Each structure stands twice: as structure tokens, then as C-alpha cells.
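J.: What follows is a single structure, and I will ask about it in a moment.
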Amino acid sequence: MIEDDEGHARLIEKNIRRAGVTNAIRHFTDGTSAMEYLFHAPDGPAMNGPALVLLDLNLPDMSGTDILQRMKAEGSALRRTPVVVLTTTDDKVEIQRCYDLGANVYITKPVNYESFAQAIRQLGLFLTVIQVPEVEADAG
């Protein structure tokens with residue numbers, strides 16, 4: 001999860017857990033540390049296998065669309081990693097851009113607390129049934 005708002009992060013994790021998702025959740029509050037983990041950590045997804053990224057677009061050090069673009073770039077070890085954009089931005093141009101860059105799901109965070117909690121519980125149910133691709137072994 002790449003989310004700079006601690007309150008949103010706690011709410012997201014709590015409601016994903018309520019939906020029955022028990023997978024480990026790593027929380028990053030900025031894009032730089034998230035990118036380092038995603039691409040270079042020995043236990044990160046580029047080197048170690050499946051992951052799913054919950055991505056906020058509004059981060060303090062870089063835009064979520066930059067992260068999405070790098071993850072989905074041709075030749076990236078993470079190009080098949082599912083990305084759920086979870087953000088307050090409901091601009092149609094931004095939504096289209098995220099899908100064009102390879103986002104799998106785009107969810108606008110509701111302003112209302114209970115609506116937000118309900119949306120995350122529904123996302124959690126979705127996460128319990130989706131299939132995540134395995135990392136390809138290096139052919140070289």
C-alpha cells in the first residue's frame with residue numbers, strides 16, 4: 001500500500017482485514033521508499049513473487065502515475081503486477097490516464113467515512129477472489 005495519509009492507511013487496512021484478507025500488507029508513505037522496495041528489495045515483488053499494489057496518486061515526493069508508469073513499462077519485472085489506484089481524484093482525464101498506463105482498477109475515495117469504509121470492505125472481498133500472476137523466471 002502506497003498511501004501518505006496515515007488515517008486512510010489505517011482505515012484501508014482495517015477494512016481489508018474485515019473482508020477476510022490475511023496477506024501481509026506493507027505500508028509506504030512515499031513513492032521513493034515504495035519504489036525501492038518494489039524493484040530492489042530481496043523480499044520485494046520484482047525479485048520474490050506476487051504482489052498487489054494499492055496506490056494513491058497524491059504522494060509527497062512523486063505522483064502515483066509516475067509509479068504506475070514505471071511498474072507497467074515494457075520489460076519491467078512488475079508489468080503484470082495488479083495495481084489498484086485508490087485516490088481522491090475523480091477527474092475523468094486522470095482516470096483514463098491511469099487505465100492507459102495499465103491500472104487494473106481505479107477507485108475514488110468517498111469523502112464520507114462510512115462510505116469509504118464500505119468501499120474498502122468491498123475491495124477486500126474483491127481481493128480475496130482475484131488471481132495474481134506468478135513472476136516469470138529470467139529467461140537469460
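Ordered as shown in the C-alpha cells, chains take letters A, B, and onward, while each chain numbers its residues from 1 and ligands are numbered from 1 in the order shown.
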From the DSSP assignment of the backbone, select every residue of region 20-119 of chain A that is strand (DSSP E or B), and format the answer as a list in words.

T.: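 Everything in region 20-119 of chain A that counts as strand (DSSP E or B) is Phe28, Val53, Leu54, Leu55, Asn58, Ser63, Val83, Val84, Val85, Leu86, Thr87, Val105, Tyr106, Ile107 and Thr108 of chain A.
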
J.: Restricted to N, CA and C atoms, what would the selected residues look like written as a compact mmCIF listing (two decimals), in the first residue's frame?

T.:
```txt
# COMPACT_ATOMS: atom_id res chain seq x y z
N PHE A 28 3.77 2.07 2.69
CA PHE A 28 4.76 3.09 2.36
C PHE A 28 4.06 4.43 2.29
N VAL A 53 -0.60 -3.95 -5.65
CA VAL A 53 -0.28 -2.62 -5.16
C VAL A 53 -1.54 -1.78 -5.05
N LEU A 54 -1.78 -1.23 -3.85
CA LEU A 54 -2.81 -0.23 -3.64
C LEU A 54 -2.09 1.11 -3.71
N LEU A 55 -2.46 1.94 -4.67
CA LEU A 55 -1.68 3.13 -5.00
C LEU A 55 -2.50 4.41 -4.91
N ASN A 58 -1.69 10.91 -5.04
CA ASN A 58 -1.19 12.16 -4.48
C ASN A 58 -0.20 11.87 -3.36
N SER A 63 4.37 11.51 -8.21
CA SER A 63 2.96 11.20 -8.45
C SER A 63 2.78 9.69 -8.56
N VAL A 83 -2.44 -3.41 -10.07
CA VAL A 83 -2.40 -2.12 -9.38
C VAL A 83 -3.83 -1.60 -9.23
N VAL A 84 -4.20 -1.35 -7.97
CA VAL A 84 -5.48 -0.72 -7.66
C VAL A 84 -5.19 0.72 -7.27
N VAL A 85 -5.64 1.67 -8.09
CA VAL A 85 -5.49 3.08 -7.77
C VAL A 85 -6.62 3.44 -6.82
N LEU A 86 -6.25 4.01 -5.69
CA LEU A 86 -7.20 4.35 -4.63
C LEU A 86 -6.91 5.79 -4.24
N THR A 87 -7.72 6.73 -4.75
CA THR A 87 -7.35 8.13 -4.62
C THR A 87 -8.58 9.02 -4.53
N VAL A 105 -7.60 -1.39 -11.64
CA VAL A 105 -8.83 -0.89 -11.02
C VAL A 105 -8.56 0.55 -10.58
N TYR A 106 -9.57 1.41 -10.72
CA TYR A 106 -9.47 2.80 -10.25
C TYR A 106 -10.64 3.06 -9.33
N ILE A 107 -10.35 3.39 -8.08
CA ILE A 107 -11.40 3.64 -7.09
C ILE A 107 -11.21 5.04 -6.54
N THR A 108 -12.28 5.84 -6.57
CA THR A 108 -12.24 7.16 -5.96
C THR A 108 -12.64 7.03 -4.50
```

J.: So that I can check the surroundings of Asn112 (chain A), please list as a VMD selection string every protein, DNA and RNA residue that reaches within 12 Å of it, counting only C-alpha atoms and ignoring chain neighbours fewer than 5 positions away.

T.: chain A and resid 8 88 117 to 119

J.: How would the residues just chosen look if you wrote them out with N, CA and C atoms as a CSV table (one decimal), in the first residue's frame?

T.:
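Written file, part-v6.csv:
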```csv
chain,number,residue,atom,x,y,z
A,8,HIS,N,-6.1,7.3,6.4
A,8,HIS,CA,-6.6,6.5,5.2
A,8,HIS,C,-6.0,5.1,5.2
A,88,THR,N,-8.4,10.3,-4.1
A,88,THR,CA,-9.5,11.2,-4.0
A,88,THR,C,-9.8,11.9,-5.4
A,117,ALA,N,-15.2,3.4,4.2
A,117,ALA,CA,-15.1,2.1,4.9
A,117,ALA,C,-15.8,1.0,4.1
A,118,GLN,N,-17.0,1.2,3.6
A,118,GLN,CA,-17.7,0.2,2.9
A,118,GLN,C,-17.0,-0.1,1.5
A,119,ALA,N,-16.5,1.0,0.9
A,119,ALA,CA,-15.8,0.8,-0.4
A,119,ALA,C,-14.6,-0.1,-0.2
```

J.: Taking the DSSP secondary structure from the backbone, can you list the residues of chain A that are helix (DSSP H, G or I), as a PyMOL selection string?

T.: chain A and resi 6-18+31-40+45-48+64-71+92-101+113-129

J.: Would you mind telling me which residue in A:Ile12, A:Leu59, A:Leu101, A:Ile95 lies nearest to Ala73 (chain A) when using only C-alpha atoms?

T.: A:Leu101

J.: Please, what distance in Å, to one decimal, runs between CA of Asp30 (chain A) and CA of Asp43 (chain A)?

T.: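 Distance reported for this atom pair: 18.7 Å.
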
J.: Need the shell around Ala34 (chain A): protein/DNA/RNA residues with any atom at most 9 Å away, counting only C-alpha atoms. Skip same-chain ones fewer than 5 positions apart. Format as a VMD selection string?

T.: chain A and resid 1 to 2 27 to 29 39 67

J.: Between A:Pro82, A:Gly7, A:Gly64, A:Gly44, which is the closest to Pro133 (chain A) once you count only C-alpha atoms?

T.: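 Selected residue with least distance to Pro133 (chain A): A:Pro82.
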
J.: I need the residue nearest Arg80 (chain A) from this list: A:Leu38, A:Arg26, A:Asp100, A:Pro50. Use only C-alpha atoms for the distance.

T.: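 Result for the nearest residue to Arg80 (chain A): A:Pro50.
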
J.: I need the residue nearest Leu68 (chain A) from this list: A:Ser33, A:Ser115, A:Gln122, A:Thr81. Use only C-alpha atoms for the distance.

T.: A:Thr81
